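Structure below is data-v6.cif: mmCIF, C-alpha atoms.
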```cif
data_work
#
loop_
_atom_site.label_atom_id
_atom_site.label_comp_id
_atom_site.auth_asym_id
_atom_site.auth_seq_id
_atom_site.Cartn_x
_atom_site.Cartn_y
_atom_site.Cartn_z
CA MET A 1 6.01 19.53 -2.66
CA LYS A 2 2.57 19.00 -1.22
CA LYS A 3 1.69 16.63 -4.07
CA LEU A 4 4.87 14.67 -3.34
CA ALA A 5 3.94 14.48 0.34
CA ILE A 6 0.41 13.28 -0.43
CA ILE A 7 1.79 10.58 -2.76
CA ALA A 8 4.19 9.56 -0.01
CA VAL A 9 1.26 9.22 2.38
CA LEU A 10 -0.63 7.03 -0.07
CA ALA A 11 2.46 4.90 -0.66
CA ALA A 12 2.81 4.42 3.08
CA PHE A 13 -0.87 3.54 3.31
CA CYS A 14 -0.49 0.89 0.63
CA VAL A 15 2.42 -0.94 2.23
CA GLY A 16 1.29 -3.33 4.95
CA ALA A 17 2.72 -2.88 8.43
CA HIS A 18 2.00 -6.39 9.69
CA ALA A 19 5.55 -7.69 9.97
CA GLN A 20 5.88 -11.44 10.18
CA GLU A 21 2.15 -11.92 9.56
CA LYS A 22 0.74 -13.99 6.72
CA LEU A 23 -1.42 -11.57 4.78
CA TYR A 24 -1.76 -13.33 1.45
CA GLU A 25 -2.46 -16.80 0.16
CA VAL A 26 0.38 -16.38 -2.36
CA LYS A 27 3.99 -16.69 -1.17
CA SER A 28 5.52 -14.02 -3.40
CA GLY A 29 4.55 -11.76 -6.23
CA LYS A 30 4.49 -8.46 -8.03
CA VAL A 31 1.39 -6.37 -8.62
CA THR A 32 1.51 -3.52 -11.14
CA MET A 33 -1.07 -0.85 -10.37
CA GLU A 34 -2.18 2.51 -11.70
CA MET A 35 -3.52 5.33 -9.55
CA ASP A 36 -5.04 8.68 -10.40
CA MET A 37 -3.55 11.37 -8.16
CA MET A 38 -4.84 14.89 -8.78
CA GLY A 39 -5.29 14.18 -12.48
CA GLN A 40 -1.91 12.49 -12.86
CA THR A 41 -1.63 8.75 -13.56
CA ILE A 42 1.04 7.12 -11.41
CA VAL A 43 2.26 3.56 -11.92
CA GLN A 44 3.04 1.71 -8.71
CA GLU A 45 4.54 -1.76 -8.28
CA LEU A 46 3.92 -3.79 -5.14
CA TYR A 47 6.49 -6.49 -4.36
CA PHE A 48 5.92 -9.03 -1.60
CA ASP A 49 7.43 -12.21 -0.18
CA ASP A 50 6.81 -14.59 2.73
CA TYR A 51 3.05 -14.32 2.14
CA GLY A 52 3.10 -10.54 2.61
CA ALA A 53 5.28 -10.33 5.72
CA LYS A 54 7.78 -8.50 3.50
CA GLN A 55 6.41 -5.75 1.26
CA ALA A 56 7.72 -2.84 -0.78
CA THR A 57 6.22 -0.41 -3.26
CA VAL A 58 8.06 1.22 -6.15
CA MET A 59 6.68 4.26 -7.99
CA ASN A 60 7.85 7.07 -10.24
CA MET A 61 7.23 10.41 -8.57
CA GLN A 62 8.01 13.57 -10.51
CA GLY A 63 10.68 11.78 -12.54
CA GLN A 64 12.24 10.08 -9.53
CA LYS A 65 11.87 6.38 -8.83
CA MET A 66 11.05 5.87 -5.16
CA ARG A 67 10.85 2.67 -3.14
CA SER A 68 8.83 2.51 0.08
CA ILE A 69 9.18 -0.03 2.88
CA GLN A 70 7.95 -0.28 6.46
CA LYS A 71 10.53 -0.42 9.25
CA ASP A 72 10.19 0.06 13.01
CA GLY A 73 6.73 1.58 12.73
CA SER A 74 7.70 4.14 10.09
CA SER A 75 7.50 4.36 6.32
CA ILE A 76 10.90 4.73 4.62
CA MET A 77 10.98 6.31 1.14
CA ILE A 78 14.21 5.27 -0.62
CA ASN A 79 15.77 6.78 -3.73
CA ASP A 80 18.17 4.02 -4.78
CA ALA A 81 19.71 6.11 -7.59
CA ASP A 82 20.63 9.02 -5.30
CA LYS A 83 21.39 6.81 -2.29
CA THR A 84 19.03 8.82 -0.09
CA ALA A 85 16.15 7.85 2.17
CA MET A 86 13.41 9.73 3.99
CA ARG A 87 11.43 8.56 7.01
CA MET A 88 7.87 9.58 7.76
CA PRO A 89 5.67 8.51 10.66
CA ALA A 90 3.24 5.67 10.06
CA MET A 91 0.62 8.16 11.28
CA GLY A 92 -1.68 5.39 12.39
CA MET A 93 -1.93 3.94 8.90
CA GLY A 94 -0.67 0.54 9.98
CA GLN A 95 -3.96 -0.09 11.72
CA ASN A 96 -5.69 0.25 8.36
CA THR A 97 -3.98 -2.80 6.90
CA ILE A 98 -6.73 -5.38 7.07
CA ASN A 99 -5.79 -9.02 6.74
CA PHE A 100 -8.53 -10.11 4.35
CA SER A 101 -7.18 -13.67 4.45
CA ALA A 102 -8.05 -13.99 8.12
CA LEU A 103 -11.08 -11.83 8.82
CA ASP A 104 -12.55 -12.27 12.29
CA GLU A 105 -15.66 -10.86 13.93
CA LYS A 106 -13.69 -8.21 15.84
CA THR A 107 -12.08 -6.84 12.65
CA ILE A 108 -15.35 -6.98 10.72
CA LYS A 109 -17.16 -5.05 13.45
CA LYS A 110 -14.37 -2.52 14.04
CA ASN A 111 -14.06 -1.65 10.35
CA LYS A 112 -17.71 -2.21 9.45
CA ILE A 113 -16.65 -4.62 6.71
CA GLU A 114 -19.34 -5.75 4.29
CA GLU A 115 -18.85 -8.16 1.39
CA VAL A 116 -20.80 -6.78 -1.58
CA GLY A 117 -20.11 -9.16 -4.46
CA GLU A 118 -17.39 -10.18 -6.89
CA GLU A 119 -15.63 -8.52 -9.81
CA VAL A 120 -12.78 -9.45 -12.17
CA ILE A 121 -9.69 -7.24 -11.84
CA ALA A 122 -6.52 -7.91 -13.89
CA GLY A 123 -7.98 -11.25 -14.91
CA LYS A 124 -8.57 -12.41 -11.32
CA THR A 125 -11.94 -12.89 -9.63
CA CYS A 126 -11.96 -10.66 -6.55
CA LYS A 127 -14.26 -10.35 -3.57
CA LYS A 128 -15.49 -6.79 -3.17
CA TYR A 129 -15.60 -5.29 0.33
CA LYS A 130 -16.85 -1.97 1.64
CA TYR A 131 -15.43 -0.83 4.98
CA LYS A 132 -14.18 2.12 7.03
CA VAL A 133 -10.62 3.03 7.99
CA MET A 134 -9.00 5.80 10.01
CA MET A 135 -6.84 8.19 7.99
CA MET A 136 -5.33 11.32 9.52
CA GLY A 137 -7.69 10.93 12.46
CA GLN A 138 -10.82 10.75 10.32
CA ALA A 139 -13.06 7.83 9.38
CA VAL A 140 -12.85 7.23 5.63
CA ASN A 141 -15.17 5.15 3.46
CA ALA A 142 -13.18 2.61 1.48
CA THR A 143 -13.75 -0.20 -1.00
CA ALA A 144 -11.36 -3.05 -1.77
CA TRP A 145 -11.36 -5.73 -4.43
CA VAL A 146 -9.42 -8.67 -2.96
CA TYR A 147 -7.84 -11.75 -4.58
CA LYS A 148 -6.28 -14.33 -2.26
CA GLY A 149 -5.85 -11.60 0.34
CA ILE A 150 -4.21 -9.21 -2.16
CA THR A 151 -6.00 -5.93 -2.83
CA LEU A 152 -6.05 -5.52 -6.62
CA LYS A 153 -8.23 -2.43 -6.58
CA SER A 154 -8.98 0.11 -3.87
CA SER A 155 -10.89 3.33 -3.50
CA MET A 156 -11.08 5.83 -0.63
CA ASN A 157 -13.27 8.93 -0.32
CA THR A 158 -11.19 11.63 1.38
CA ASP A 159 -11.34 15.39 1.90
CA PHE A 160 -9.10 15.65 -1.18
CA GLY A 161 -11.51 13.67 -3.32
CA GLU A 162 -11.50 10.03 -4.29
CA MET A 163 -8.16 8.24 -4.17
CA GLY A 164 -7.75 4.83 -5.68
CA GLN A 165 -5.62 2.41 -7.62
CA THR A 166 -6.29 -0.53 -9.91
CA ALA A 167 -4.06 -3.48 -10.78
CA THR A 168 -3.22 -3.96 -14.42
CA LYS A 169 -1.07 -7.07 -13.91
CA ILE A 170 -0.29 -9.59 -11.18
CA GLU A 171 2.60 -12.08 -11.16
CA GLU A 172 2.42 -14.89 -8.61
CA ASP A 173 5.12 -17.03 -6.97
CA ILE A 174 8.10 -15.25 -8.51
CA THR A 175 11.57 -14.65 -7.08
CA ILE A 176 11.96 -11.30 -5.33
CA GLU A 177 15.46 -10.09 -4.45
CA PRO A 178 15.84 -9.64 -0.65
CA SER A 179 17.36 -6.18 -1.26
CA MET A 180 13.91 -4.97 -2.33
CA PHE A 181 12.88 -4.94 1.32
CA THR A 182 15.99 -3.35 2.86
CA ILE A 183 17.74 0.02 3.12
CA PRO A 184 21.02 -0.02 1.16
CA GLU A 185 24.22 0.04 3.20
CA GLY A 186 25.72 3.47 3.67
CA VAL A 187 22.42 5.29 3.17
CA THR A 188 21.50 7.74 5.93
CA VAL A 189 17.78 7.97 6.62
CA GLN A 190 16.54 11.54 7.18
CA ASP A 191 13.23 12.49 8.77
CA MET A 192 10.65 14.13 6.52
CA ASP A 193 9.91 17.80 7.18
CA MET A 194 6.27 17.40 8.13
CA SER A 195 5.59 21.04 7.20
CA MET A 196 5.56 19.65 3.64
CA MET A 197 2.20 18.18 4.49
CA GLY A 198 0.61 21.62 4.66
CA GLY A 199 -2.99 21.19 5.76
CA PHE A 200 -3.02 17.48 4.95
#
```
Could you write out this structure as structure tokens?
Amino acid sequence: MKKLAIIAVLAAFCVGAHAQEKLYEVKSGKVTMEMDMMGQTIVQELYFDDYGAKQATVMNMQGQKMRSIQKDGSSIMINDADKTAMRMPAMGMGQNTINFSALDEKTIKKNKIEEVGEEVIAGKTCKKYKYKVMMMGQAVNATAWVYKGITLKSSMNTDFGEMGQTATKIEEDITIEPSMFTIPEGVTVQDMDMSMMGGF
């Protein structure tokens, strides 16, 4: 269960919390990514619309397909097959969503952002940034490879080791069904038992 909770945290971290804010220079898209979590490769799909104001992630966790969205300051994990949903606190992770399309001096200073070159990820030339974010109350060293505001690769050094994900494919300006960003009707959202987090 702890692995599931940690994956849920990372999913929440990856979904932007900047509602109604233009994060990307692409109106809509789908990014397929792979992450290594405790020796297990997990495929995650990021869907976005309205230049990133609407975002959702879909991943297969322990044989169950889960969709994660941000709503009212919380992360909602939705199992569409079982018609269930689980809410967990944003836990301050929303502040870590940096709008790389509109960096200003305040953000650069606060997060100690440094541009350190370019690299091709999933066929796209990305700007590489090193910076710091707050995660579970601790400052974490992070690196992001960014294409048109979209992070195609990321890496964070945490107490649990290095966490990261890398895009294998990006599809731009495609049609995303509005239901991707909503909770299905009739689904009751339950609060996550935070004891699942253990010492996380």
Which residues fall under the PyMOL selection byres ((chain A and resi 23) around 8) in this file, as a list in words?
His18, Glu21, Lys22, Tyr24, Glu25, Tyr51, Gly52, Ala53, Asn99, Phe100, Ser101, Ala102, Gly149 and Ile150 of chain A
With all atoms listed in the file as the basis for distance, which of A:Cys126, A:Met33, A:Val133, A:Ala167 is at the shortest distance from A:Ile108?
A:Val133
Care to translate the PyMOL selection byres ((chain A and resi 181-187) around 9) into actual residues of this file, as a compact mmCIF listing (two decimals) with C-alpha atoms, keeping the file's coordinate frame?
```txt
# COMPACT_ATOMS: atom_id res chain seq x y z
CA TYR A 47 6.49 -6.49 -4.36
CA PHE A 48 5.92 -9.03 -1.60
CA LYS A 54 7.78 -8.50 3.50
CA GLN A 55 6.41 -5.75 1.26
CA ALA A 56 7.72 -2.84 -0.78
CA SER A 68 8.83 2.51 0.08
CA ILE A 69 9.18 -0.03 2.88
CA GLN A 70 7.95 -0.28 6.46
CA LYS A 71 10.53 -0.42 9.25
CA ILE A 76 10.90 4.73 4.62
CA ILE A 78 14.21 5.27 -0.62
CA ASP A 80 18.17 4.02 -4.78
CA LYS A 83 21.39 6.81 -2.29
CA THR A 84 19.03 8.82 -0.09
CA ALA A 85 16.15 7.85 2.17
CA GLU A 177 15.46 -10.09 -4.45
CA PRO A 178 15.84 -9.64 -0.65
CA SER A 179 17.36 -6.18 -1.26
CA MET A 180 13.91 -4.97 -2.33
CA THR A 188 21.50 7.74 5.93
CA VAL A 189 17.78 7.97 6.62
```
Need to verify the contact set: A:Thr166, 12 Å, all atoms listed in the file, exclusion of same-chain residues closer than 2 positions in sequence. Can you return it as a ChimeraX atom specification?
/A:31-36,41-46,120-123,143-146,150-155,163-164,168-170
So which residues get picked by the PyMOL selection byres ((chain A and resi 190) around 6) here, written as a compact mmCIF listing (two decimals) with C-alpha atoms, in the coordinates of the input?
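Ended up saving to selection.txt:
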```
# COMPACT_ATOMS: atom_id res chain seq x y z
CA MET A 86 13.41 9.73 3.99
CA ARG A 87 11.43 8.56 7.01
CA VAL A 189 17.78 7.97 6.62
CA ASP A 191 13.23 12.49 8.77
```
